[in-house]
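Have a look at run-v3.csv below; it lists CSV, C-alpha atoms.
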chain,number,residue,atom,x,y,z
A,1,MET,CA,-234.2,-137.4,-78.5
A,2,ASP,CA,-237.6,-138.7,-79.6
A,3,LYS,CA,-240.5,-136.4,-79.1
A,4,PRO,CA,-244.1,-137.6,-78.5
A,5,PHE,CA,-246.2,-138.0,-81.7
A,6,SER,CA,-249.9,-137.7,-82.2
A,7,LEU,CA,-251.5,-139.3,-85.2
A,8,ALA,CA,-254.7,-137.3,-84.6
A,9,CYS,CA,-252.6,-134.1,-84.8
A,10,GLU,CA,-251.2,-135.2,-88.1
A,11,ARG,CA,-254.7,-135.9,-89.4
A,12,ASN,CA,-256.4,-132.7,-88.3
A,13,ARG,CA,-253.6,-130.2,-89.0
A,14,GLU,CA,-254.6,-129.4,-92.7
A,15,PRO,CA,-258.3,-128.8,-92.0
A,16,ILE,CA,-257.4,-126.6,-89.0
A,17,LEU,CA,-254.7,-124.7,-91.1
A,18,GLY,CA,-257.5,-123.8,-93.5
A,19,VAL,CA,-259.4,-122.1,-90.7
A,20,LEU,CA,-256.3,-120.4,-89.3
A,21,ARG,CA,-255.3,-119.0,-92.8
A,22,GLN,CA,-258.7,-117.4,-92.9
A,23,TYR,CA,-258.9,-116.0,-89.4
A,24,PHE,CA,-255.2,-115.5,-88.5
A,25,GLY,CA,-254.2,-114.1,-91.9
A,26,ASP,CA,-254.2,-110.5,-90.5
A,27,ARG,CA,-252.9,-111.5,-87.0
A,28,SER,CA,-249.3,-111.1,-85.8
A,29,ARG,CA,-249.0,-112.7,-82.4
A,30,VAL,CA,-250.7,-115.9,-81.5
A,31,LEU,CA,-250.7,-117.9,-78.2
A,32,GLU,CA,-251.3,-121.6,-78.5
A,33,VAL,CA,-252.8,-123.0,-75.2
A,34,GLY,CA,-252.0,-126.6,-74.6
A,35,SER,CA,-249.4,-127.2,-77.3
A,36,GLY,CA,-249.0,-130.9,-76.3
A,37,THR,CA,-246.6,-132.6,-78.7
A,38,GLY,CA,-245.8,-129.3,-80.4
A,39,GLN,CA,-246.7,-130.7,-83.8
A,40,HIS,CA,-249.4,-128.1,-84.4
A,41,ALA,CA,-247.0,-125.3,-83.4
A,42,VAL,CA,-244.4,-126.5,-85.9
A,43,HIS,CA,-246.8,-127.0,-88.7
A,44,PHE,CA,-248.8,-123.8,-88.3
A,45,ALA,CA,-245.7,-121.6,-87.6
A,46,ASP,CA,-244.0,-123.0,-90.7
A,47,ALA,CA,-247.2,-122.5,-92.9
A,48,LEU,CA,-247.9,-119.0,-91.4
A,49,PRO,CA,-244.5,-117.4,-91.2
A,50,HIS,CA,-246.0,-113.9,-90.6
A,51,LEU,CA,-247.2,-115.0,-87.2
A,52,ASP,CA,-245.2,-114.9,-84.0
A,53,TRP,CA,-246.5,-118.3,-82.7
A,54,GLN,CA,-246.1,-118.6,-79.0
A,55,ALA,CA,-246.4,-122.2,-77.9
A,56,SER,CA,-245.5,-124.2,-74.9
A,57,ASP,CA,-243.2,-126.5,-76.8
A,58,GLU,CA,-239.9,-125.8,-78.6
A,59,ALA,CA,-240.4,-125.6,-82.4
A,60,ALA,CA,-237.0,-124.1,-83.4
A,61,LEU,CA,-238.4,-121.9,-86.1
A,62,PRO,CA,-237.6,-118.2,-86.6
A,63,ASN,CA,-241.2,-117.2,-85.7
A,64,THR,CA,-241.5,-119.4,-82.6
A,65,PRO,CA,-240.2,-117.8,-79.4
A,66,ALA,CA,-238.8,-119.9,-76.5
A,67,PRO,CA,-241.6,-122.1,-75.2
A,68,LEU,CA,-243.9,-120.7,-72.6
A,69,ALA,CA,-244.8,-123.0,-69.7
A,70,TRP,CA,-248.3,-121.9,-68.7
A,71,ASP,CA,-251.0,-123.7,-66.7
A,72,VAL,CA,-254.3,-122.0,-66.8
A,73,ARG,CA,-254.4,-122.2,-63.0
A,74,ASP,CA,-251.4,-119.9,-62.9
A,75,ALA,CA,-251.1,-116.2,-63.6
A,76,PRO,CA,-251.6,-115.6,-67.3
A,77,PRO,CA,-248.8,-114.6,-69.7
A,78,ALA,CA,-248.1,-111.0,-70.6
A,79,GLY,CA,-250.7,-109.5,-72.9
A,80,GLY,CA,-250.7,-108.4,-76.4
A,81,PHE,CA,-251.8,-111.6,-78.2
A,82,ASP,CA,-254.1,-110.8,-81.2
A,83,GLY,CA,-254.8,-114.5,-81.6
A,84,VAL,CA,-255.3,-117.5,-79.3
A,85,PHE,CA,-255.5,-121.1,-80.5
A,86,THR,CA,-256.2,-124.3,-78.6
A,87,ALA,CA,-256.9,-127.8,-79.9
A,88,ASN,CA,-258.3,-130.7,-78.0
A,89,THR,CA,-257.9,-129.1,-74.5
A,90,LEU,CA,-261.3,-128.1,-73.2
A,91,HIS,CA,-262.5,-131.7,-72.7
A,92,ILE,CA,-259.2,-132.6,-70.9
A,93,MET,CA,-259.4,-129.6,-68.5
A,94,GLY,CA,-261.8,-129.6,-65.6
A,95,TRP,CA,-264.6,-127.1,-66.0
A,96,GLU,CA,-263.0,-124.7,-63.4
A,97,GLU,CA,-259.9,-124.6,-65.7
A,98,VAL,CA,-262.0,-123.9,-68.7
A,99,GLU,CA,-263.7,-121.0,-66.9
A,100,ARG,CA,-260.3,-119.8,-65.8
A,101,LEU,CA,-258.9,-119.9,-69.3
A,102,PHE,CA,-261.7,-117.7,-70.6
A,103,SER,CA,-261.6,-115.3,-67.7
A,104,THR,CA,-257.9,-114.6,-68.4
A,105,LEU,CA,-258.4,-113.9,-72.1
A,106,PRO,CA,-259.3,-110.2,-71.7
A,107,GLY,CA,-256.1,-109.5,-69.9
A,108,MET,CA,-253.8,-111.1,-72.4
A,109,THR,CA,-255.4,-110.3,-75.7
A,110,THR,CA,-255.8,-107.2,-77.8
A,111,ASP,CA,-259.1,-105.5,-78.3
A,112,ASP,CA,-259.6,-107.2,-81.7
A,113,ALA,CA,-258.2,-110.6,-80.8
A,114,ARG,CA,-259.5,-113.8,-82.4
A,115,LEU,CA,-259.9,-117.1,-80.5
A,116,VAL,CA,-260.0,-120.4,-82.4
A,117,VAL,CA,-260.9,-123.6,-80.5
A,118,TYR,CA,-260.7,-127.0,-82.1
A,119,GLY,CA,-262.2,-130.2,-80.7
A,120,PRO,CA,-265.4,-132.1,-80.0
A,121,PHE,CA,-268.5,-130.4,-78.5
A,122,ASN,CA,-271.9,-131.3,-77.3
A,123,TYR,CA,-274.9,-129.2,-78.5
A,124,ASP,CA,-278.0,-128.8,-76.4
A,125,GLY,CA,-276.6,-131.2,-73.9
A,126,ARG,CA,-276.2,-134.0,-76.5
A,127,ALA,CA,-273.3,-135.6,-78.3
A,128,THR,CA,-273.2,-135.0,-82.1
A,129,SER,CA,-272.3,-138.6,-82.8
A,130,ASP,CA,-272.1,-142.0,-81.2
A,131,SER,CA,-268.3,-141.9,-81.3
A,132,ASN,CA,-268.3,-138.5,-79.4
A,133,ALA,CA,-270.8,-139.9,-76.8
A,134,GLN,CA,-268.5,-142.9,-76.3
A,135,PHE,CA,-265.4,-140.6,-76.1
A,136,ASP,CA,-267.2,-138.5,-73.5
A,137,ARG,CA,-268.0,-141.6,-71.4
A,138,TRP,CA,-264.4,-142.7,-71.5
A,139,LEU,CA,-263.1,-139.3,-70.6
A,140,ARG,CA,-265.4,-139.1,-67.5
A,141,SER,CA,-264.5,-142.7,-66.5
A,142,GLU,CA,-260.8,-141.6,-66.5
A,143,ASP,CA,-261.5,-138.4,-64.6
A,144,PRO,CA,-265.0,-137.1,-63.7
A,145,LYS,CA,-263.8,-133.5,-64.2
A,146,ARG,CA,-263.1,-134.2,-67.9
A,147,GLY,CA,-265.7,-134.5,-70.7
A,148,LEU,CA,-267.0,-133.0,-73.8
A,149,ARG,CA,-268.1,-129.4,-73.2
A,150,ASP,CA,-271.5,-128.0,-74.2
A,151,PHE,CA,-271.0,-125.4,-77.0
A,152,GLU,CA,-273.6,-123.2,-75.4
A,153,SER,CA,-271.7,-123.1,-72.1
A,154,VAL,CA,-268.4,-122.4,-73.8
A,155,ASP,CA,-270.0,-119.7,-75.9
A,156,ALA,CA,-271.4,-118.1,-72.8
A,157,LEU,CA,-267.9,-118.0,-71.3
A,158,ALA,CA,-266.5,-116.4,-74.5
A,159,ARG,CA,-269.3,-113.8,-74.5
A,160,ALA,CA,-268.6,-113.0,-70.9
A,161,ALA,CA,-264.9,-112.4,-71.8
A,162,GLY,CA,-266.0,-110.0,-74.6
A,163,PHE,CA,-265.8,-112.4,-77.6
A,164,GLU,CA,-268.5,-112.8,-80.1
A,165,LEU,CA,-269.1,-115.9,-82.2
A,166,VAL,CA,-267.8,-115.6,-85.8
A,167,GLU,CA,-268.0,-119.2,-87.0
A,168,ASP,CA,-268.7,-122.7,-85.9
A,169,ARG,CA,-267.3,-125.0,-88.6
A,170,ALA,CA,-267.8,-128.7,-88.8
A,171,MET,CA,-264.4,-130.6,-89.1
A,172,PRO,CA,-263.5,-134.2,-89.8
A,173,ALA,CA,-264.0,-136.9,-87.2
A,174,ASN,CA,-267.0,-135.1,-85.5
A,175,ASN,CA,-264.9,-132.2,-84.4
A,176,ARG,CA,-265.6,-128.5,-84.6
A,177,CYS,CA,-263.4,-125.4,-85.2
A,178,ILE,CA,-265.1,-122.5,-83.4
A,179,VAL,CA,-264.0,-118.9,-84.0
A,180,TRP,CA,-264.7,-115.9,-81.8
A,181,GLU,CA,-263.6,-112.3,-82.1
A,182,ARG,CA,-263.1,-109.9,-79.3
A,183,ARG,CA,-265.2,-106.7,-79.6
A,184,ALA,CA,-263.9,-103.7,-77.7
Take the structure in this file and express it as structure tokens.
Amino acid sequence: MDKPFSLACERNREPILGVLRQYFGDRSRVLEVGSGTGQHAVHFADALPHLDWQASDEAALPNTPAPLAWDVRDAPPAGGFDGVFTANTLHIMGWEEVERLFSTLPGMTTDDARLVVYGPFNYDGRATSDSNAQFDRWLRSEDPKRGLRDFESVDALARAAGFELVEDRAMPANNRCIVWERRA
């Protein structure tokens, strides 16, 4: 059976892996929110075999449990994750779903959990590039609830959930990899 394939996922996986090696090197159990094609799960779980990588797609690796079907509007999965990763999801979700995701983090993460979010963001209400502004317009034309999120608003949600900003790293193709850590 042919699985969906994302060229963007193939292009961004190595830069993201560099961030994950740095921030998930001492983690043991990671939840990937919005696994999509599952390509990230397969690549990251293979490259980081010390992690129990919980994704929503089947990866068939020893360190990837059975897929977890979770919609942020539903009850969150059982706790105990010391890492959470999501790529290219916040601009696809409606703002209410983004708020819900962040509000569920305290109940499903450890006191020292790390959160890594990859994707495009606006800063001070403005796109960081013409291509991001065009992408934002396209997203909103498809569904008014979608769109690039303002970093400051997402950071406020993270802080309200007990996470402090650790790094905001520029990535290829006008994307960001933002890392927060939960402070007990």
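When the distance limit is 10 Å and only C-alpha atoms are what count, the residues near Val154 in chain A, minus those fewer than 4 positions from it on the same chain, are Leu90, Trp95, Val98, Glu99, Phe102, Phe121, Arg149, Asp150, Ala158, Arg159 and Ala160 of chain A.
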Restricting to all atoms listed in the file, whichever of A:Arg182, A:His91, A:His50, A:Arg100 is closest to Gly147 in chain A is A:His91
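Each of A:His40, A:Arg176, A:Arg73, A:Arg114 was compared to Cys9 in chain A using only C-alpha atoms, and A:His40 turns out to be the nearest.
CA of Arg140 in chain A to CA of Asn174 in chain A spans 18.5 Å [interatomic distance, one decimal].
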Counting only C-alpha atoms, which of A:Pro106, A:Gly25, A:Pro15, A:Gly125 gets nearest to Pro172 in chain A? A:Pro15
What's the 12 Å shell around Asp26 in chain A, counting only C-alpha atoms, without same-chain residues fewer than 2 positions away, as a CSV table (one decimal) with C-alpha atoms, in the frame of the given file?
chain,number,residue,atom,x,y,z
A,20,LEU,CA,-256.3,-120.4,-89.3
A,21,ARG,CA,-255.3,-119.0,-92.8
A,22,GLN,CA,-258.7,-117.4,-92.9
A,23,TYR,CA,-258.9,-116.0,-89.4
A,24,PHE,CA,-255.2,-115.5,-88.5
A,28,SER,CA,-249.3,-111.1,-85.8
A,29,ARG,CA,-249.0,-112.7,-82.4
A,30,VAL,CA,-250.7,-115.9,-81.5
A,48,LEU,CA,-247.9,-119.0,-91.4
A,49,PRO,CA,-244.5,-117.4,-91.2
A,50,HIS,CA,-246.0,-113.9,-90.6
A,51,LEU,CA,-247.2,-115.0,-87.2
A,52,ASP,CA,-245.2,-114.9,-84.0
A,82,ASP,CA,-254.1,-110.8,-81.2
A,83,GLY,CA,-254.8,-114.5,-81.6
A,112,ASP,CA,-259.6,-107.2,-81.7
A,113,ALA,CA,-258.2,-110.6,-80.8
A,114,ARG,CA,-259.5,-113.8,-82.4
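Distance check against Ala173 in chain A using only C-alpha atoms: of A:Ser141, A:Asn12, A:Ser35, A:Gln54, the minimum falls on A:Asn12.
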